[in-house]
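Here is the file protein.cif (mmCIF, C-alpha atoms and all ligand atoms).
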```cif
data_structure
#
loop_
_atom_site.label_atom_id
_atom_site.label_comp_id
_atom_site.auth_asym_id
_atom_site.auth_seq_id
_atom_site.Cartn_x
_atom_site.Cartn_y
_atom_site.Cartn_z
CA MET A 1372 9.51 -10.77 17.13
CA ARG A 1373 8.42 -8.64 14.15
CA PRO A 1374 5.23 -9.77 12.36
CA LEU A 1375 5.68 -12.28 9.56
CA SER A 1376 4.72 -11.48 5.99
CA HIS A 1377 4.28 -13.54 2.85
CA SER A 1378 7.78 -12.59 1.68
CA SER A 1379 9.51 -13.07 5.03
CA ILE A 1380 7.97 -16.54 5.39
CA GLY A 1381 9.15 -17.35 1.86
CA MET A 1382 12.65 -16.16 2.71
CA TYR A 1383 12.77 -18.18 5.92
CA LEU A 1384 11.71 -21.33 4.11
CA GLU A 1385 14.35 -20.67 1.46
CA CYS A 1386 17.13 -20.10 3.99
CA PRO A 1387 16.74 -19.35 7.73
CA MET A 1388 20.21 -17.75 7.85
CA LYS A 1389 19.23 -15.35 5.07
CA TRP A 1390 16.09 -14.42 7.02
CA HIS A 1391 18.23 -13.77 10.11
CA PHE A 1392 20.59 -11.49 8.16
CA ARG A 1393 17.65 -9.60 6.66
CA TYR A 1394 15.17 -9.32 9.51
CA VAL A 1395 17.21 -9.62 12.72
CA GLN A 1396 20.67 -8.34 11.87
CA LYS A 1397 19.05 -5.92 9.41
CA VAL A 1398 21.94 -6.13 6.97
CA PRO A 1399 20.90 -4.04 3.97
CA GLU A 1400 20.51 -5.85 0.64
CA LYS A 1401 21.70 -4.38 -2.63
CA PRO A 1402 18.96 -2.46 -4.45
CA LYS A 1403 17.45 -4.57 -7.23
CA HIS A 1404 16.18 -3.00 -10.42
CA PHE A 1405 13.19 -5.37 -10.62
CA PHE A 1406 11.99 -4.27 -7.17
CA SER A 1407 12.43 -0.59 -8.08
CA PHE A 1408 10.58 -1.12 -11.36
CA GLY A 1409 7.73 -3.06 -9.72
CA LYS A 1410 7.32 -0.43 -7.02
CA SER A 1411 7.34 2.47 -9.51
CA VAL A 1412 4.52 0.86 -11.52
CA HIS A 1413 2.57 -0.17 -8.39
CA ASP A 1414 2.82 3.35 -6.98
CA ALA A 1415 1.48 4.81 -10.23
CA LEU A 1416 -1.52 2.45 -10.12
CA GLU A 1417 -2.09 3.37 -6.48
CA PHE A 1418 -2.22 7.00 -7.62
CA PHE A 1419 -4.59 6.05 -10.47
CA TYR A 1420 -7.06 4.30 -8.19
CA GLY A 1421 -6.45 6.41 -5.09
CA VAL A 1422 -8.81 9.29 -5.99
CA LYS A 1423 -11.62 10.02 -3.57
CA THR A 1424 -14.10 11.15 -6.22
CA LEU A 1425 -14.47 10.79 -10.00
CA PRO A 1426 -13.09 11.59 -12.55
CA PRO A 1427 -9.98 9.45 -12.54
CA PRO A 1428 -6.59 10.93 -13.44
CA SER A 1429 -6.01 11.31 -17.17
CA VAL A 1430 -3.38 9.18 -18.89
CA THR A 1431 -1.10 12.24 -19.03
CA GLU A 1432 -1.44 12.71 -15.27
CA LEU A 1433 -0.81 9.03 -14.71
CA ILE A 1434 2.41 9.05 -16.74
CA LYS A 1435 3.53 12.31 -15.13
CA TYR A 1436 3.05 10.80 -11.67
CA TYR A 1437 5.04 7.75 -12.77
CA ASP A 1438 7.87 9.89 -14.18
CA ASP A 1439 7.97 12.18 -11.13
CA ASN A 1440 8.08 9.28 -8.69
CA TRP A 1441 10.33 6.93 -10.65
CA ILE A 1442 12.67 4.94 -8.38
CA THR A 1443 16.15 4.93 -9.84
CA GLU A 1444 17.91 2.44 -7.54
CA GLY A 1445 19.41 -0.83 -8.65
CA TYR A 1446 19.74 -0.40 -12.41
CA ARG A 1447 22.95 -1.59 -14.05
CA ASP A 1448 23.42 1.55 -16.14
CA PRO A 1449 21.43 4.53 -17.50
CA ARG A 1450 20.56 2.58 -20.65
CA GLN A 1451 18.95 -0.26 -18.70
CA GLU A 1452 17.12 2.25 -16.53
CA SER A 1453 15.70 4.19 -19.48
CA ASP A 1454 14.62 0.94 -21.21
CA TYR A 1455 12.70 -0.11 -18.10
CA LYS A 1456 11.24 3.34 -17.60
CA GLU A 1457 9.92 3.34 -21.15
CA GLN A 1458 8.55 -0.17 -20.68
CA GLY A 1459 6.69 1.04 -17.58
CA ARG A 1460 5.18 3.95 -19.49
CA GLY A 1461 3.97 1.50 -22.15
CA ILE A 1462 2.45 -0.77 -19.49
CA LEU A 1463 0.58 2.12 -17.88
CA ARG A 1464 -0.70 3.47 -21.21
CA ASP A 1465 -1.95 0.00 -22.20
CA TYR A 1466 -3.50 -0.49 -18.79
CA TYR A 1467 -5.26 2.85 -19.00
CA LYS A 1468 -6.61 2.11 -22.48
CA LYS A 1469 -7.90 -1.29 -21.44
CA HIS A 1470 -9.56 -0.25 -18.18
CA ILE A 1471 -10.62 3.38 -18.42
CA GLU A 1472 -14.10 2.50 -19.76
CA THR A 1473 -14.88 0.38 -16.71
CA TYR A 1474 -13.02 2.55 -14.20
CA HIS A 1475 -14.49 2.65 -10.69
CA ILE A 1476 -13.03 3.66 -7.37
CA PRO A 1477 -11.98 0.46 -5.57
CA TYR A 1478 -13.12 -0.48 -2.10
CA PHE A 1479 -9.49 -0.37 -0.99
CA VAL A 1480 -6.18 0.43 -2.67
CA GLU A 1481 -2.99 -0.83 -0.95
CA TYR A 1482 -4.98 -2.26 1.94
CA GLY A 1483 -2.55 -2.82 4.84
CA PHE A 1484 -3.48 -5.56 7.29
CA ASN A 1485 -2.26 -6.89 10.63
CA LEU A 1486 -3.60 -10.29 11.35
CA ASP A 1487 -3.44 -12.74 14.22
CA VAL A 1488 -3.00 -16.33 13.09
CA ASP A 1489 -3.28 -18.60 16.11
CA GLY A 1490 -1.19 -16.18 18.16
CA VAL A 1491 1.26 -15.30 15.37
CA LYS A 1492 1.29 -11.74 14.02
CA VAL A 1493 1.11 -11.50 10.24
CA THR A 1494 1.23 -8.35 8.16
CA GLY A 1495 0.86 -7.43 4.49
CA PHE A 1496 -0.61 -5.17 1.80
CA VAL A 1497 -3.27 -6.05 -0.78
CA ASP A 1498 -2.92 -4.09 -4.04
CA ARG A 1499 -6.62 -3.66 -4.69
CA ILE A 1500 -9.96 -4.80 -3.27
CA ASP A 1501 -13.23 -4.29 -5.16
CA LYS A 1502 -16.69 -4.64 -3.69
CA VAL A 1503 -18.90 -7.24 -5.41
CA GLY A 1504 -22.53 -6.63 -4.42
CA ASP A 1505 -23.11 -5.80 -0.76
CA ASP A 1506 -21.23 -8.49 1.04
CA ARG A 1507 -18.53 -9.86 -1.21
CA ILE A 1508 -15.15 -8.68 -2.42
CA ALA A 1509 -12.68 -9.36 -5.22
CA ILE A 1510 -8.95 -9.30 -4.45
CA LEU A 1511 -6.39 -8.30 -7.06
CA ASP A 1512 -2.61 -8.44 -6.96
CA TYR A 1513 -0.51 -6.77 -9.68
CA LYS A 1514 2.64 -8.44 -10.97
CA THR A 1515 5.37 -6.91 -13.13
CA GLY A 1516 7.74 -9.89 -13.33
CA LYS A 1517 7.74 -13.00 -15.49
CA ALA A 1518 4.55 -14.34 -17.00
CA PHE A 1519 2.83 -17.14 -15.06
CA GLY A 1520 0.64 -20.11 -15.90
CA LYS A 1521 -3.15 -20.40 -15.76
CA ASP A 1522 -3.02 -22.16 -12.38
CA ALA A 1523 -0.97 -19.47 -10.68
CA ALA A 1524 -3.96 -17.81 -9.00
CA VAL A 1525 -5.39 -21.15 -7.85
CA SER A 1526 -2.21 -22.12 -6.04
CA SER A 1527 -0.87 -18.72 -4.91
CA GLU A 1528 -0.23 -18.75 -1.17
CA GLN A 1529 0.01 -14.99 -1.27
CA LEU A 1530 -3.63 -14.86 -2.42
CA THR A 1531 -4.62 -17.39 0.25
CA MET A 1532 -3.07 -15.09 2.83
CA TYR A 1533 -4.93 -12.06 1.43
CA GLN A 1534 -8.22 -13.95 1.39
CA MET A 1535 -7.69 -15.06 4.99
CA ALA A 1536 -6.82 -11.50 6.09
CA CYS A 1537 -9.70 -9.80 4.27
CA GLU A 1538 -12.35 -12.27 5.38
CA GLN A 1539 -11.16 -12.14 8.97
CA LEU A 1540 -10.66 -8.36 9.21
CA LEU A 1541 -13.32 -6.98 6.86
CA GLY A 1542 -15.93 -9.64 7.62
CA LEU A 1543 -16.71 -10.01 3.88
CA LYS A 1544 -16.55 -13.18 1.81
CA VAL A 1545 -14.14 -13.32 -1.12
CA GLU A 1546 -15.83 -13.83 -4.51
CA ARG A 1547 -12.69 -14.10 -6.63
CA LEU A 1548 -8.90 -13.78 -6.51
CA THR A 1549 -6.89 -12.32 -9.38
CA LEU A 1550 -3.24 -12.10 -10.32
CA TYR A 1551 -2.88 -9.37 -12.94
CA HIS A 1552 0.23 -9.64 -15.12
CA LEU A 1553 0.88 -6.04 -16.16
CA PRO A 1554 3.42 -6.52 -19.01
CA SER A 1555 0.90 -8.71 -20.91
CA GLN A 1556 -2.26 -7.10 -19.43
CA THR A 1557 -3.45 -10.59 -18.50
CA ALA A 1558 -5.73 -11.31 -15.56
CA ILE A 1559 -5.61 -14.83 -14.13
CA THR A 1560 -8.58 -15.32 -11.84
CA SER A 1561 -9.47 -18.06 -9.40
CA GLU A 1562 -12.40 -19.02 -7.24
CA PRO A 1563 -11.91 -18.33 -3.53
CA HIS A 1564 -9.31 -20.66 -2.06
CA SER A 1565 -10.57 -23.69 -0.19
CA ASP A 1566 -10.75 -24.11 3.56
CA SER A 1567 -7.98 -26.70 3.32
CA GLN A 1568 -5.67 -24.20 1.57
CA VAL A 1569 -6.36 -21.68 4.33
CA LYS A 1570 -5.80 -24.34 6.99
CA GLU A 1571 -2.53 -25.42 5.40
CA LEU A 1572 -1.27 -21.85 5.25
CA ARG A 1573 -2.21 -21.24 8.90
CA GLY A 1574 -0.27 -24.38 9.82
CA ARG A 1575 2.73 -23.22 7.82
CA ILE A 1576 2.72 -19.79 9.48
CA VAL A 1577 2.58 -21.34 12.95
CA ARG A 1578 5.32 -23.84 12.04
CA VAL A 1579 7.67 -21.16 10.69
CA HIS A 1580 7.05 -18.97 13.71
CA ALA A 1581 7.82 -21.86 16.09
CA ASP A 1582 10.99 -22.70 14.17
CA ILE A 1583 12.18 -19.09 14.31
CA LYS A 1584 11.49 -18.88 18.04
CA ASP A 1585 13.29 -22.13 18.61
CA ASN A 1586 16.38 -20.99 16.70
CA LEU A 1587 16.40 -17.58 18.40
CA ALA A 1588 16.31 -19.31 21.80
CA LYS A 1589 19.11 -21.70 20.81
CA LEU A 1590 21.19 -18.74 19.64
CA GLU A 1591 20.55 -16.96 22.92
CA ARG A 1592 21.67 -20.02 24.89
CA ALA A 1593 24.71 -20.33 22.60
CA GLU A 1594 23.61 -23.85 21.58
CA ILE A 1595 24.07 -22.82 17.96
CA LYS A 1596 26.49 -20.28 16.51
CA HIS A 1597 24.13 -19.07 13.82
CA PHE A 1598 20.77 -19.84 12.20
CA PRO A 1599 20.63 -22.91 9.92
CA THR A 1600 21.75 -22.19 6.37
CA VAL A 1601 20.24 -23.38 3.10
CA PHE A 1602 22.48 -26.47 3.48
CA THR A 1603 21.51 -27.25 7.08
CA ARG A 1604 17.87 -26.13 7.21
CA ASP A 1605 15.34 -28.50 8.71
CA PRO A 1606 14.42 -30.73 5.73
CA SER A 1607 10.92 -31.24 7.12
CA LEU A 1608 10.14 -27.56 6.45
CA PRO A 1609 8.53 -27.08 3.02
CA ARG A 1610 10.71 -25.59 0.29
CA THR A 1611 9.63 -22.49 -1.59
CA SER A 1612 12.38 -22.46 -4.18
CA LYS A 1613 13.04 -24.97 -6.94
CA MET A 1614 16.64 -23.73 -7.29
CA SER A 1615 19.54 -25.78 -5.97
CA ALA A 1616 21.09 -24.60 -2.70
CA GLU A 1617 24.14 -23.27 -4.57
CA THR A 1618 21.96 -21.24 -6.90
CA VAL A 1619 20.02 -19.79 -3.96
CA CYS A 1620 23.37 -18.72 -2.46
CA HIS A 1621 24.55 -17.39 -5.80
CA TRP A 1622 21.75 -14.82 -5.77
CA CYS A 1623 22.08 -14.02 -2.06
CA ASP A 1624 23.56 -10.66 -1.08
CA PHE A 1625 24.69 -12.04 2.27
CA LYS A 1626 27.04 -14.65 0.83
CA PRO A 1627 30.24 -12.79 1.80
CA LEU A 1628 29.01 -12.70 5.43
CA CYS A 1629 27.57 -16.17 5.53
CA PRO A 1630 29.10 -18.91 7.68
CA ALA A 1631 28.33 -21.47 4.96
CA TRP A 1632 30.71 -19.63 2.63
CA GLU A 1633 33.40 -18.66 5.14
CA HIS A 1634 35.92 -20.76 3.25
CA ALA A 1635 35.37 -18.75 0.09
CA TYR A 1636 35.97 -15.29 1.56
CA ARG A 1637 39.08 -14.10 3.37
CA LYS A 1638 38.51 -12.39 6.66
CA PRO A 1639 39.68 -8.77 6.71
CA GLY A 1640 43.36 -8.72 7.62
CA ALA A 1641 43.94 -12.33 6.64
CA GLU A 1642 45.99 -11.21 3.65
CA ALA A 1643 48.37 -9.38 5.91
CA ALA A 1644 49.15 -12.38 8.10
CA PRO A 1645 52.64 -13.64 7.28
CA ALA A 1646 52.75 -17.23 6.07
CA GLU A 1647 54.67 -19.53 8.35
CA PRO A 1648 57.51 -21.01 6.30
CA ASP A 1649 57.10 -24.50 7.69
CA ALA A 1650 53.35 -24.37 7.92
CA LEU A 1651 52.68 -27.06 5.35
CA LYS A 1652 54.94 -29.49 7.15
CA ASP A 1653 52.48 -29.49 10.00
CA ASP A 1654 50.28 -32.61 9.63
CA ALA A 1655 47.24 -30.90 11.06
CA LYS A 1656 47.48 -28.14 8.49
CA ILE A 1657 47.82 -30.65 5.68
CA ALA A 1658 44.73 -32.45 6.98
CA LYS A 1659 42.85 -29.14 7.00
CA LEU A 1660 43.94 -28.38 3.48
CA VAL A 1661 42.83 -31.83 2.32
CA ASP A 1662 39.40 -31.35 3.90
CA ARG A 1663 39.03 -27.92 2.42
CA TYR A 1664 40.11 -29.15 -1.00
CA GLY A 1665 37.58 -31.99 -0.77
CA LYS A 1666 34.78 -29.62 0.25
CA VAL A 1667 35.48 -27.17 -2.55
CA HIS A 1668 35.85 -30.10 -4.95
CA ASP A 1669 32.36 -31.36 -3.96
CA GLU A 1670 30.89 -27.88 -4.30
CA VAL A 1671 32.42 -27.45 -7.74
CA LYS A 1672 30.94 -30.82 -8.75
CA GLU A 1673 27.50 -29.79 -7.57
CA LEU A 1674 27.83 -26.44 -9.32
CA GLU A 1675 28.88 -28.21 -12.50
CA GLU A 1676 25.75 -30.35 -12.29
CA THR A 1677 23.61 -27.26 -11.80
CA LEU A 1678 25.38 -25.63 -14.73
CA GLU A 1679 24.65 -28.63 -16.95
CA GLU A 1680 20.99 -28.60 -15.90
CA LEU A 1681 20.66 -24.90 -16.66
CA LYS A 1682 22.50 -25.32 -19.95
CA ALA A 1683 20.12 -28.07 -21.03
CA GLN A 1684 17.10 -25.95 -20.12
CA ILE A 1685 18.42 -22.90 -22.00
CA VAL A 1686 19.36 -24.92 -25.09
CA ALA A 1687 15.94 -26.60 -25.13
CA ALA A 1688 14.17 -23.24 -24.75
CA LEU A 1689 16.25 -21.59 -27.50
CA LYS A 1690 15.71 -24.54 -29.86
CA ASP A 1691 12.03 -24.44 -29.15
CA LYS A 1692 11.85 -20.77 -30.11
CA GLY A 1693 14.33 -21.04 -32.98
CA TYR A 1694 16.64 -18.51 -31.29
CA VAL A 1695 20.43 -18.62 -31.25
CA ARG A 1696 20.85 -15.96 -28.58
CA ALA A 1697 19.01 -14.78 -25.47
CA PHE A 1698 19.58 -12.11 -22.86
CA GLY A 1699 19.17 -11.98 -19.11
CA ASP A 1700 19.68 -8.79 -17.14
CA ARG A 1701 23.35 -9.50 -16.65
CA TYR A 1702 24.30 -12.17 -19.12
CA GLU A 1703 23.83 -13.14 -22.68
CA ALA A 1704 23.68 -16.74 -23.87
CA ALA A 1705 24.41 -17.77 -27.44
CA VAL A 1706 24.15 -21.29 -28.70
CA ARG A 1707 26.52 -22.71 -31.33
CA SER A 1708 26.17 -26.15 -32.69
CA ASP A 1709 29.26 -28.06 -33.86
CA GLU A 1710 28.77 -31.36 -35.60
CA ARG A 1711 31.21 -34.27 -35.48
CA TRP A 1712 31.20 -37.77 -36.80
CA GLU A 1713 31.43 -40.81 -34.63
CA PHE A 1714 32.45 -44.23 -35.95
CA GLY A 1715 31.77 -47.38 -34.01
CA PRO A 1716 34.80 -49.60 -33.21
CA GLU A 1717 33.43 -52.27 -35.57
CA ASN A 1718 33.80 -49.88 -38.53
CA ARG A 1719 37.24 -48.51 -37.62
CA PRO A 1720 39.28 -50.78 -39.95
CA LYS A 1721 36.89 -50.02 -42.83
CA VAL A 1722 37.13 -46.27 -42.21
CA LEU A 1723 40.95 -46.41 -42.16
CA GLU A 1724 41.01 -48.56 -45.28
CA ALA A 1725 38.71 -46.15 -47.14
CA ILE A 1726 40.97 -43.22 -46.22
CA ARG A 1727 44.17 -45.09 -47.08
CA SER A 1728 42.91 -46.27 -50.47
CA ALA A 1729 41.76 -42.75 -51.38
CA GLY A 1730 45.30 -41.41 -50.71
CA PHE A 1731 44.36 -39.34 -47.64
CA TRP A 1732 46.39 -41.40 -45.15
CA ASP A 1733 48.81 -38.60 -44.27
CA ARG A 1734 45.94 -36.34 -43.29
CA VAL A 1735 44.80 -38.58 -40.44
CA THR A 1736 48.00 -40.09 -39.07
CA GLY A 1737 50.77 -38.49 -37.05
CA PRO A 1738 52.66 -38.94 -33.81
CA LEU A 1739 49.64 -38.69 -31.57
CA ALA A 1740 50.73 -37.57 -28.13
CA PRO A 1741 49.05 -40.34 -26.08
CA LYS A 1742 50.52 -43.00 -28.36
CA VAL A 1743 54.04 -41.53 -28.06
CA GLN A 1744 53.70 -41.48 -24.25
CA GLU A 1745 52.74 -45.13 -24.34
CA LEU A 1746 55.80 -45.89 -26.47
CA MET A 1747 58.13 -44.06 -24.09
CA ARG A 1748 56.79 -46.08 -21.17
CA ASP A 1749 57.43 -49.33 -23.03
CA GLY A 1750 60.50 -50.98 -21.43
CA GLY A 1751 61.19 -52.95 -24.63
CA LEU A 1752 61.71 -49.83 -26.80
CA PRO A 1753 65.04 -50.07 -28.71
CA LEU A 1754 67.66 -47.93 -26.96
CA ASP A 1755 68.60 -45.91 -30.01
CA LEU A 1756 64.96 -44.94 -30.66
CA ARG A 1757 64.45 -43.98 -26.98
CA ASP A 1758 67.65 -41.94 -27.11
CA ARG A 1759 66.57 -40.07 -30.26
CA LEU A 1760 63.13 -39.30 -28.83
CA GLN A 1761 64.61 -38.13 -25.53
CA ARG A 1762 66.84 -35.70 -27.34
CA LEU A 1763 63.85 -34.32 -29.24
CA GLY A 1764 61.68 -33.62 -26.19
CA LYS A 1765 61.81 -32.89 -22.50
CA LYS A 1766 60.26 -34.68 -19.55
CA VAL A 1767 57.60 -32.70 -17.70
CA GLU A 1768 55.82 -33.74 -14.53
CA SER A 1769 52.04 -33.58 -14.46
CA ILE A 1770 50.37 -33.97 -11.10
CA THR A 1771 46.91 -35.38 -10.49
CA LEU A 1772 45.40 -35.13 -7.05
CA ARG A 1773 42.56 -37.57 -6.49
CA ILE A 1774 40.21 -36.93 -3.62
CA LYS A 1775 37.32 -38.93 -2.21
CA LYS A 1776 35.21 -38.87 0.90
CA VAL A 1777 36.65 -40.73 3.93
CA SER A 1778 34.13 -43.37 5.05
CA GLU A 1779 31.81 -42.36 7.90
CA GLU A 1780 33.24 -45.00 10.28
CA LYS A 1781 36.72 -43.68 9.76
S1 LIG B 1801 24.64 -17.41 1.19
FE1 LIG B 1801 23.27 -19.14 1.06
S2 LIG B 1801 23.34 -20.11 3.06
FE2 LIG B 1801 24.17 -18.04 3.27
S3 LIG B 1801 22.47 -16.75 3.89
FE3 LIG B 1801 22.59 -16.64 1.69
S4 LIG B 1801 21.22 -18.25 0.94
FE4 LIG B 1801 21.63 -18.66 3.08
#
```
Can you present the structure in this file as structure tokens?
Amino acid sequence: MRPLSHSSIGMYLECPMKWHFRYVQKVPEKPKHFFSFGKSVHDALEFFYGVKTLPPPSVTELIKYYDDNWITEGYRDPRQESDYKEQGRGILRDYYKKHIETYHIPYFVEYGFNLDVDGVKVTGFVDRIDKVGDDRIAILDYKTGKAFGKDAAVSSEQLTMYQMACEQLLGLKVERLTLYHLPSQTAITSEPHSDSQVKELRGRIVRVHADIKDNLAKLERAEIKHFPTVFTRDPSLPRTSKMSAETVCHWCDFKPLCPAWEHAYRKPGAEAAPAEPDALKDDAKIAKLVDRYGKVHDEVKELEETLEELKAQIVAALKDKGYVRAFGDRYEAAVRSDERWEFGPENRPKVLEAIRSAGFWDRVTGPLAPKVQELMRDGGLPLDLRDRLQRLGKKVESITLRIKKVSEEK
């Protein structure tokens, strides 16, 4: 099995099936602009710190290297790409300005490691390692994504892994661990992680490795058809994502290939298959349709809940900032507030009386559709009135299909 890394462990814990697509079946994922952007900036910093002797590259050389090695994959359109490229130039200029006075050649830049954790091979790269005195080091990881909180460095498992690797392989104690947020030029630093954090991570690595081996063996023996999905993963494994399972799938490139979503994607050639004219008369097919309808119905319900949750979070965040609009990479959200009045049932007669006495009665009354339906269903309706109404309208059939889960026993 290929060595595990911080990101592959994270992916396995998010969804084993996704890990299998990515690392065993090697199905390529779509290029993502945020990966391309992050790598372009990281590569430029590697160039900046990668000199063997002083002086360091000038800011012009740094920006030229960045421009010449810019990764273009994954951007939505040229406009988005040029916006990001300009943002990256700004980040590098600011970084240069802030750090050129204290520039020194690091102990390691892009330090690649291969580690053995209780028999499990683990691999990774550390962005930068600085020597502190003779026998200590400082580890630094650059981030280009969203801003993070003050505790991020204290709890980062990625930093725990780097600490473990460096101490084991370089034989030097870690003095401090830093996450450096490049867009805001903010360094969040932590003390070395505790022995219990290291122990917990080692346990997690061994656990994930054992789970992968177990599933590979089951697949080999045809005891399972595929790796567990985000819906069927072992719940005793820790979760790395706070997103709902549906949201995890929403962002997954492998969804069209995934067994969990088979129902949502036609197999190639399925369109061409001629429909059997009497197919729906077959009880088994009806039962299948009912089950499928119920499953999709449940999924829609869960998605609706997720949607409501996200909506509430966005509305709260926009209100907090006083914004009416916000942009993601692919969507824009705008909030509009409509006000309406609600009157308690106890005040209803008073409200109607106030309107009637002010001469506005016609504005609020009319043949309200639900009330007319009720009238038409009334068996005691005078025949001539029913006849007149029937001639004025037409009867339409509206169908409601109610679905609920069959009890387990059944
Ligand atoms: S679509 Fe969902 S269940 Fe399938 S591999 Fe992706 S994350 Fe896993």
*Name the closest residue to ligand LIG 1801 (chain B) among the candidates A:Tyr1474, A:Tyr1636, A:Tyr1482, A:Trp1390; distances are taken between atoms, counting all atoms listed in the file.*
A:Trp1390
*Between CA of Ala1593 (chain A) and CA of Glu1400 (chain A), distance in Å (one decimal)*: 26.6 Å
Using all atoms listed in the file, which residues have at least one atom no more than 6 Å from ligand LIG 1801 (chain B)? Output them as a tab-separated table (two decimals) with C-alpha atoms, in the frame of the given file.
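Heads up, here's the output in result_4.tsv:
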```tsv
chain	number	residue	atom	x	y	z
A	1386	CYS	CA	17.13	-20.10	3.99
A	1388	MET	CA	20.21	-17.75	7.85
A	1389	LYS	CA	19.23	-15.35	5.07
A	1600	THR	CA	21.75	-22.19	6.37
A	1601	VAL	CA	20.24	-23.38	3.10
A	1619	VAL	CA	20.02	-19.79	-3.96
A	1620	CYS	CA	23.37	-18.72	-2.46
A	1623	CYS	CA	22.08	-14.02	-2.06
A	1625	PHE	CA	24.69	-12.04	2.27
A	1626	LYS	CA	27.04	-14.65	0.83
A	1629	CYS	CA	27.57	-16.17	5.53
A	1631	ALA	CA	28.33	-21.47	4.96
```
*Proximity to Lys1492 (chain A) - best of A:Val1722, A:Trp1622, A:Ile1657, A:Leu1375, all atoms listed in the file*: A:Leu1375
_Selected residue, from A:Ile1685, A:Leu1608, A:Val1577, A:Leu1550, that lies nearest to Gly1699 (chain A) when counting all atoms listed in the file_ =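 With all atoms listed in the file as the atom set, the closest residue is A:Ile1685.
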*Around (18.7, -20.4, -29.6) in the file's frame, which residues reach within 10 Å when counting only C-alpha atoms? Return as number ranges by chain?*
A: 1685-1697, 1704-1708
*Residue with smallest distance to Gly1409 (chain A) - pool A:Gly1516, A:Pro1427, A:Gly1445, A:Gly1483, counting all atoms listed in the file*: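 Ranking A:Gly1516, A:Pro1427, A:Gly1445, A:Gly1483 by distance to Gly1409 (chain A), first place goes to A:Gly1516.
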*Pick out the closest residue to Ser1378 (chain A) from this set: A:Thr1494, A:Ser1526, A:Ser1555, A:Gln1684. Count only C-alpha atoms.*
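Among the listed residues, A:Thr1494 lies closest to Ser1378 (chain A).
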*Measuring atom to atom with only C-alpha atoms, identify which of A:Glu1768, A:Leu1433, A:Ser1565, A:Arg1734 is nearest to Lys1468 (chain A).*
A:Leu1433
_Residues within 7 Å of Val1493 (chain A), please, as a ChimeraX atom specification. Count all atoms listed in the file; anything in the same chain fewer than 6 positions from it doesn't count._
/A:1374-1376,1485-1487
*Excluding same-chain residues fewer than 6 positions from Lys1423 (chain A), what lies within 12 Å of it counting all atoms listed in the file, as a list in words?*
Glu1417, His1475, Ile1476, Pro1477, Tyr1478, Phe1479 and Val1480 of chain A
*Quick one: pull the distance between CA of Tyr1420 (chain A) and CA of Ala1524 (chain A), Å, one decimal.*
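A separation of 22.3 Å between them.
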*Would you work out the distance separating CA of Lys1469 (chain A) from CA of Thr1549 (chain A), expressed in Å to one decimal?*
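Going from CA of Lys1469 (chain A) over to CA of Thr1549 (chain A), I get 16.4 Å.
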*Give me the residues within 10 Å of region 1671-1678 of chain A as number ranges by chain, counting all atoms listed in the file and dropping any in the same chain fewer than 3 places off.*
A: 1614-1618, 1665-1668, 1681-1684
Filtering to C-alpha atoms, could you give me those residues as a tab-separated table (two decimals), keeping the file's coordinate frame?
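Output file part-v5.tsv follows:
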```tsv
chain	number	residue	atom	x	y	z
A	1614	MET	CA	16.64	-23.73	-7.29
A	1615	SER	CA	19.54	-25.78	-5.97
A	1616	ALA	CA	21.09	-24.60	-2.70
A	1617	GLU	CA	24.14	-23.27	-4.57
A	1618	THR	CA	21.96	-21.24	-6.90
A	1665	GLY	CA	37.58	-31.99	-0.77
A	1666	LYS	CA	34.78	-29.62	0.25
A	1667	VAL	CA	35.48	-27.17	-2.55
A	1668	HIS	CA	35.85	-30.10	-4.95
A	1681	LEU	CA	20.66	-24.90	-16.66
A	1682	LYS	CA	22.50	-25.32	-19.95
A	1683	ALA	CA	20.12	-28.07	-21.03
A	1684	GLN	CA	17.10	-25.95	-20.12
```
